[in-house]
Amino acid sequence: MRTALVIGTGLIGTSAALALSQRGVVVHLVDHDPGQARTAAALGAGTDEAPDGPVDLAIVAAPPAHVAAVLADAMRRGAARGYLDVASVKGGPRRELEALGLDDAALSRYIGTHPMSGREQSGPLAASGDLFEGRPWVLTPTRDTDTEVLNLALELVSHCRAVPVVMDADAHDQAVALVSHMPHLISSMVAARLEHAEEAAVRLSGQGIRDVTRIAASDPGMWIDILSANPGPVADLLADVSADLDETVRALRALQSSDETKRQQGTAGVEKMLRRGNAGQVRVPGKHGSAPRLYETVAVLIDDQPGQLARIFADAGRAGVNIEDVRIEHATGQQAGLVQLMVEPKAAPVLAAALRERGWAIRQ
């Protein structure tokens with residue numbers, strides 16, 4: 001791949017353009033908002049000047065509702081040798097292209113893809129050339145997909161240092177409904193409970209509520225586009241969640257009963273739901289996509305001052321301990337926090353002793 005055309009310079013399009021530009025590909029940028037394309041160009045993602053002729057690969061990074069129309073226009077103009085989109089829904093765009101009258105020859109030059117990476121922020125200023133590094137990038141070829149186009153898509157994934165995953169388009173849409181779209185709505189529903197809550201209650205928020213509501217900060221307009229393109233699978237999953245909620249509410253009401261038998265039934269119902277949650281959570285892939293592993297946590301109290309985290313990591317390094325993961329819980333009303341360092345179980349006592357020796361306060 002020597003040349004590429006990125007149509008849509010939001011977070012995903014600009015991030016892909018940055019990755020390609022950094023690897024020597026000449027990238028042309030276009031957006032319905034010329035100012036956004038100029039911003040992406042100023043960031044080093046490419047040029048907002050039109051290409052002289054067909055490029056090697058056209059990357060459509062438009063909202064799902066507009067992907068098919070943008071693709072059809074580019075294909076009819078002969079803008080590239082190969083075409084792909086990066087929308088979060090895959091079955092719809094291909095069916096829409098067929099409905100728009102694209103013949104088999106044109107469709108063979110197209111492949112639907114979806115990089116499984118993003119941020120709560122949108123737009124080119126939130127973009128990064130390493131946004132996709134180590135993340136799955138789904139490719140949905142059909143038996144009619146031209147080999148050259150598939151190879152161009154794989155080259156894009158390689159330049160972005162992502163991990164290619166081949167799936168059927170409709171299976172992909174079911175999967176992202178489960179692991180992305182439905183959880184986003186659940187996160188929004190939990191966050192909505194906070195909108196009119198008493199300030200005294202909200203101030204008690206800890207890391208748990210931050211974890212659950214983090215993705216609720218995303219742009220609603222963007223999510224309307226995503227959910228509008230995949231409403232059926234998401235609605236089916238929410239119906240299942242609704243049934244679980246009804247069952248859990250009944251169990252909790254039973255716990256209020258003065259009847260011992262009902263209380264026992266309520267306890268069993270709540271425990272069943274919690275254990276199902278345990279069983280599902282352990283299936284979430286762990287570090288680098290590998291099987292999840294159990295780590296020990298070493299909790300360290302720190303002041304909110306520059307250099308504190310760097311010192312902790314340096315001291316862990318001197319102790320010969322690798323930090324597998326880290327979380328920070330900020331104290332309410334104080335310039336302090338709790339750093340939770342996740343390490344291999346056998347390394348936990350070594351790290352705790354080493355940090356105590358260097359003056360850190362370890363919370364048991």
# chains A, B, ... in the order shown; residues from 1 in each chain; ligands from 1
call {"tool": "select_by_dssp", "arguments": {"residues": "region 182-350 of chain A", "states": "helix (DSSP H, G or I)", "output": "PyMOL selection string"}}
result
chain A and resi 182-192+199-202+207-217+220-228+231-255+260-281+287-289+308-318+345-350
call {"tool": "write_last_selection", "arguments": {"atoms": "C-alpha atoms", "output": "tab-separated table (two decimals), in the first residue's frame"}}
result
chain	number	residue	atom	x	y	z
A	182	MET	CA	-25.75	-3.46	25.28
A	183	PRO	CA	-23.17	-2.70	28.02
A	184	HIS	CA	-23.07	0.92	26.87
A	185	LEU	CA	-26.81	1.31	27.37
A	186	ILE	CA	-26.63	-0.41	30.77
A	187	SER	CA	-23.83	1.97	31.77
A	188	SER	CA	-25.96	4.92	30.68
A	189	MET	CA	-28.93	3.63	32.65
A	190	VAL	CA	-26.85	3.34	35.82
A	191	ALA	CA	-25.37	6.81	35.27
A	192	ALA	CA	-28.85	8.23	34.70
A	199	GLU	CA	-25.19	15.63	46.17
A	200	ALA	CA	-24.31	14.01	49.49
A	201	ALA	CA	-24.98	10.59	47.98
A	202	VAL	CA	-23.03	11.25	44.77
A	207	GLN	CA	-14.07	3.30	41.97
A	208	GLY	CA	-16.93	0.84	41.46
A	209	ILE	CA	-19.39	3.43	40.19
A	210	ARG	CA	-16.63	5.08	38.14
A	211	ASP	CA	-15.89	1.74	36.45
A	212	VAL	CA	-19.54	1.03	35.70
A	213	THR	CA	-20.35	4.52	34.33
A	214	ARG	CA	-17.12	5.39	32.51
A	215	ILE	CA	-18.38	4.64	29.02
A	216	ALA	CA	-21.60	6.57	29.67
A	217	ALA	CA	-19.55	9.73	29.03
A	220	PRO	CA	-24.84	10.43	22.47
A	221	GLY	CA	-25.02	11.43	18.80
A	222	MET	CA	-22.39	8.88	17.87
A	223	TRP	CA	-24.19	6.17	19.84
A	224	ILE	CA	-27.55	6.96	18.25
A	225	ASP	CA	-25.88	6.20	14.89
A	226	ILE	CA	-24.40	2.95	16.21
A	227	LEU	CA	-27.55	1.68	17.91
A	228	SER	CA	-29.75	2.64	14.98
A	231	PRO	CA	-31.21	-2.29	17.16
A	232	GLY	CA	-32.54	-5.86	16.97
A	233	PRO	CA	-29.68	-7.77	18.63
A	234	VAL	CA	-29.33	-5.06	21.29
A	235	ALA	CA	-33.06	-5.11	22.07
A	236	ASP	CA	-32.99	-8.92	22.38
A	237	LEU	CA	-30.14	-8.74	24.89
A	238	LEU	CA	-31.82	-5.97	26.89
A	239	ALA	CA	-34.97	-8.10	27.05
A	240	ASP	CA	-32.87	-10.86	28.64
A	241	VAL	CA	-31.37	-8.33	31.07
A	242	SER	CA	-34.87	-7.10	31.86
A	243	ALA	CA	-35.92	-10.64	32.78
A	244	ASP	CA	-32.87	-10.93	35.05
A	245	LEU	CA	-33.75	-7.59	36.66
A	246	ASP	CA	-37.31	-8.70	37.32
A	247	GLU	CA	-36.06	-11.92	38.91
A	248	THR	CA	-33.54	-10.05	41.05
A	249	VAL	CA	-36.14	-7.49	42.18
A	250	ARG	CA	-38.43	-10.32	43.28
A	251	ALA	CA	-35.56	-11.91	45.19
A	252	LEU	CA	-34.71	-8.66	46.94
A	253	ARG	CA	-38.38	-8.07	47.87
A	254	ALA	CA	-38.45	-11.57	49.34
A	255	LEU	CA	-35.48	-10.63	51.53
A	260	GLU	CA	-38.18	-17.12	56.86
A	261	THR	CA	-38.90	-19.36	53.87
A	262	LYS	CA	-39.35	-16.35	51.60
A	263	ARG	CA	-36.15	-14.77	52.93
A	264	GLN	CA	-34.25	-17.96	52.16
A	265	GLN	CA	-35.70	-17.98	48.64
A	266	GLY	CA	-34.67	-14.34	48.24
A	267	THR	CA	-31.15	-15.09	49.41
A	268	ALA	CA	-30.91	-17.99	46.95
A	269	GLY	CA	-32.16	-15.79	44.11
A	270	VAL	CA	-29.68	-13.00	44.75
A	271	GLU	CA	-26.83	-15.48	45.22
A	272	LYS	CA	-27.71	-17.18	41.94
A	273	MET	CA	-27.46	-13.88	40.07
A	274	LEU	CA	-24.16	-12.97	41.73
A	275	ARG	CA	-22.68	-16.37	40.92
A	276	ARG	CA	-23.83	-16.10	37.30
A	277	GLY	CA	-22.02	-12.77	37.24
A	278	ASN	CA	-18.88	-14.44	38.57
A	279	ALA	CA	-19.10	-17.10	35.88
A	280	GLY	CA	-19.47	-14.55	33.11
A	281	GLN	CA	-16.80	-12.19	34.36
A	287	LYS	CA	-3.92	-9.24	29.61
A	288	HIS	CA	-3.03	-9.17	25.90
A	289	GLY	CA	-6.20	-11.13	25.14
A	308	GLN	CA	4.42	9.76	43.06
A	309	LEU	CA	3.41	7.13	40.50
A	310	ALA	CA	6.81	7.25	38.82
A	311	ARG	CA	8.47	6.59	42.19
A	312	ILE	CA	6.21	3.61	42.92
A	313	PHE	CA	6.87	2.03	39.53
A	314	ALA	CA	10.59	2.66	39.86
A	315	ASP	CA	10.65	1.07	43.33
A	316	ALA	CA	8.67	-1.93	42.01
A	317	GLY	CA	11.23	-2.27	39.24
A	318	ARG	CA	14.12	-2.20	41.71
A	345	PRO	CA	0.47	-13.83	43.72
A	346	LYS	CA	4.02	-14.93	44.59
A	347	ALA	CA	5.30	-11.39	43.91
A	348	ALA	CA	2.81	-9.63	46.22
A	349	PRO	CA	4.68	-10.13	49.55
A	350	VAL	CA	7.98	-9.25	47.86
call {"tool": "residues_around", "arguments": {"residues": "Thr142 (chain A)", "least_positions_apart": "5", "cutoff": "12 Å", "atoms": "only C-alpha atoms", "output": "PyMOL selection string"}}
result
chain A and resi 90-91+94+104+107-113+147+149-150+166-170
call {"tool": "residues_around", "arguments": {"residues": "Glu96 (chain A)", "least_positions_apart": "5", "cutoff": "9 Å", "atoms": "only C-alpha atoms", "output": "number ranges by chain"}}
result
A: 68-69, 91, 101
call {"tool": "closest_residue", "arguments": {"among": "A:Gly82, A:Leu194, A:Ala127, A:Ala58", "to": "Thr145 (chain A)", "atoms": "only C-alpha atoms"}}
result
A:Gly82
call {"tool": "closest_residue", "arguments": {"among": "A:Gly8, A:Gly78, A:Gly46, A:Gly35", "to": "Ile59 (chain A)", "atoms": "only C-alpha atoms"}}
result
A:Gly8
call {"tool": "residues_around", "arguments": {"residues": "Arg81 (chain A)", "least_positions_apart": "6", "cutoff": "7 Å", "atoms": "only C-alpha atoms", "output": "ChimeraX atom specification"}}
result
/A:54-57
call {"tool": "residues_around", "arguments": {"residues": "Ala40 (chain A)", "least_positions_apart": "3", "cutoff": "8 Å", "atoms": "only C-alpha atoms", "output": "count of residues only"}}
result
11
call {"tool": "atom_distance", "arguments": {"atom1": "CA of Val89 (chain A)", "atom2": "CA of Ser180 (chain A)"}}
result
11.1 Å
call {"tool": "select_by_dssp", "arguments": {"residues": "region 103-216 of chain A", "states": "strand (DSSP E)", "output": "ChimeraX atom specification"}}
result
/A:110-115,136-140,163-166
call {"tool": "write_last_selection", "arguments": {"atoms": "N, CA, C and O atoms", "output": "mmCIF file, in the first residue's frame"}}
result
data_model
loop_
_atom_site.group_PDB
_atom_site.id
_atom_site.type_symbol
_atom_site.label_atom_id
_atom_site.label_comp_id
_atom_site.auth_asym_id
_atom_site.auth_seq_id
_atom_site.Cartn_x
_atom_site.Cartn_y
_atom_site.Cartn_z
ATOM 1 N N TYR A 110 -14.818 -4.663 -2.020
ATOM 2 C CA TYR A 110 -15.161 -4.099 -0.713
ATOM 3 C C TYR A 110 -15.081 -5.168 0.373
ATOM 4 O O TYR A 110 -15.453 -6.324 0.163
ATOM 5 N N ILE A 111 -14.602 -4.771 1.539
ATOM 6 C CA ILE A 111 -14.633 -5.637 2.712
ATOM 7 C C ILE A 111 -15.028 -4.803 3.933
ATOM 8 O O ILE A 111 -14.523 -3.696 4.142
ATOM 9 N N GLY A 112 -15.950 -5.321 4.710
ATOM 10 C CA GLY A 112 -16.346 -4.646 5.944
ATOM 11 C C GLY A 112 -15.381 -4.981 7.063
ATOM 12 O O GLY A 112 -14.973 -6.135 7.224
ATOM 13 N N THR A 113 -14.984 -3.976 7.842
ATOM 14 C CA THR A 113 -14.070 -4.199 8.964
ATOM 15 C C THR A 113 -14.528 -3.392 10.171
ATOM 16 O O THR A 113 -15.326 -2.467 10.049
ATOM 17 N N HIS A 114 -13.999 -3.745 11.312
ATOM 18 C CA HIS A 114 -14.327 -3.017 12.545
ATOM 19 C C HIS A 114 -13.176 -3.115 13.546
ATOM 20 O O HIS A 114 -12.946 -4.180 14.123
ATOM 21 N N PRO A 115 -12.431 -2.027 13.741
ATOM 22 C CA PRO A 115 -11.402 -2.025 14.785
ATOM 23 C C PRO A 115 -12.057 -1.917 16.156
ATOM 24 O O PRO A 115 -12.820 -0.986 16.415
ATOM 25 N N PRO A 136 -8.135 -6.144 18.805
ATOM 26 C CA PRO A 136 -8.719 -6.906 17.689
ATOM 27 C C PRO A 136 -9.241 -5.972 16.601
ATOM 28 O O PRO A 136 -9.787 -4.904 16.905
ATOM 29 N N TRP A 137 -9.066 -6.385 15.354
ATOM 30 C CA TRP A 137 -9.623 -5.656 14.213
ATOM 31 C C TRP A 137 -10.366 -6.701 13.390
ATOM 32 O O TRP A 137 -9.769 -7.550 12.752
ATOM 33 N N VAL A 138 -11.692 -6.638 13.409
ATOM 34 C CA VAL A 138 -12.512 -7.652 12.763
ATOM 35 C C VAL A 138 -12.581 -7.398 11.258
ATOM 36 O O VAL A 138 -12.809 -6.271 10.809
ATOM 37 N N LEU A 139 -12.385 -8.470 10.484
ATOM 38 C CA LEU A 139 -12.535 -8.442 9.034
ATOM 39 C C LEU A 139 -13.668 -9.394 8.665
ATOM 40 O O LEU A 139 -13.739 -10.511 9.197
ATOM 41 N N THR A 140 -14.565 -8.959 7.766
ATOM 42 C CA THR A 140 -15.721 -9.789 7.424
ATOM 43 C C THR A 140 -15.757 -10.070 5.914
ATOM 44 O O THR A 140 -16.684 -9.654 5.215
ATOM 45 N N VAL A 163 -4.717 -6.672 15.745
ATOM 46 C CA VAL A 163 -4.746 -8.128 15.607
ATOM 47 C C VAL A 163 -5.946 -8.502 14.733
ATOM 48 O O VAL A 163 -7.098 -8.280 15.138
ATOM 49 N N PRO A 164 -5.722 -9.055 13.533
ATOM 50 C CA PRO A 164 -6.847 -9.368 12.652
ATOM 51 C C PRO A 164 -7.676 -10.536 13.176
ATOM 52 O O PRO A 164 -7.143 -11.541 13.631
ATOM 53 N N VAL A 165 -8.996 -10.386 13.104
ATOM 54 C CA VAL A 165 -9.938 -11.438 13.496
ATOM 55 C C VAL A 165 -10.973 -11.550 12.380
ATOM 56 O O VAL A 165 -11.646 -10.574 12.062
ATOM 57 N N VAL A 166 -11.099 -12.714 11.781
ATOM 58 C CA VAL A 166 -12.037 -12.920 10.686
ATOM 59 C C VAL A 166 -13.348 -13.470 11.234
ATOM 60 O O VAL A 166 -13.364 -14.450 11.988
#
call {"tool": "residues_around", "arguments": {"residues": "Arg38 (chain A)", "least_positions_apart": "4", "cutoff": "7 Å", "atoms": "only C-alpha atoms", "output": "number ranges by chain"}}
result
A: 34, 42, 48
call {"tool": "write_last_selection", "arguments": {"atoms": "C-alpha atoms", "output": "compact mmCIF listing (two decimals), in the first residue's frame"}}
result
# COMPACT_ATOMS: atom_id res chain seq x y z
CA PRO A 34 -13.48 20.52 5.58
CA ALA A 42 -2.34 19.58 10.77
CA ASP A 48 -6.49 17.38 2.74
call {"tool": "atom_distance", "arguments": {"atom1": "CA of Gly307 (chain A)", "atom2": "CA of Tyr295 (chain A)"}}
result
25.4 Å
call {"tool": "atom_distance", "arguments": {"atom1": "CA of Arg77 (chain A)", "atom2": "CA of Pro141 (chain A)"}}
result
22.5 Å
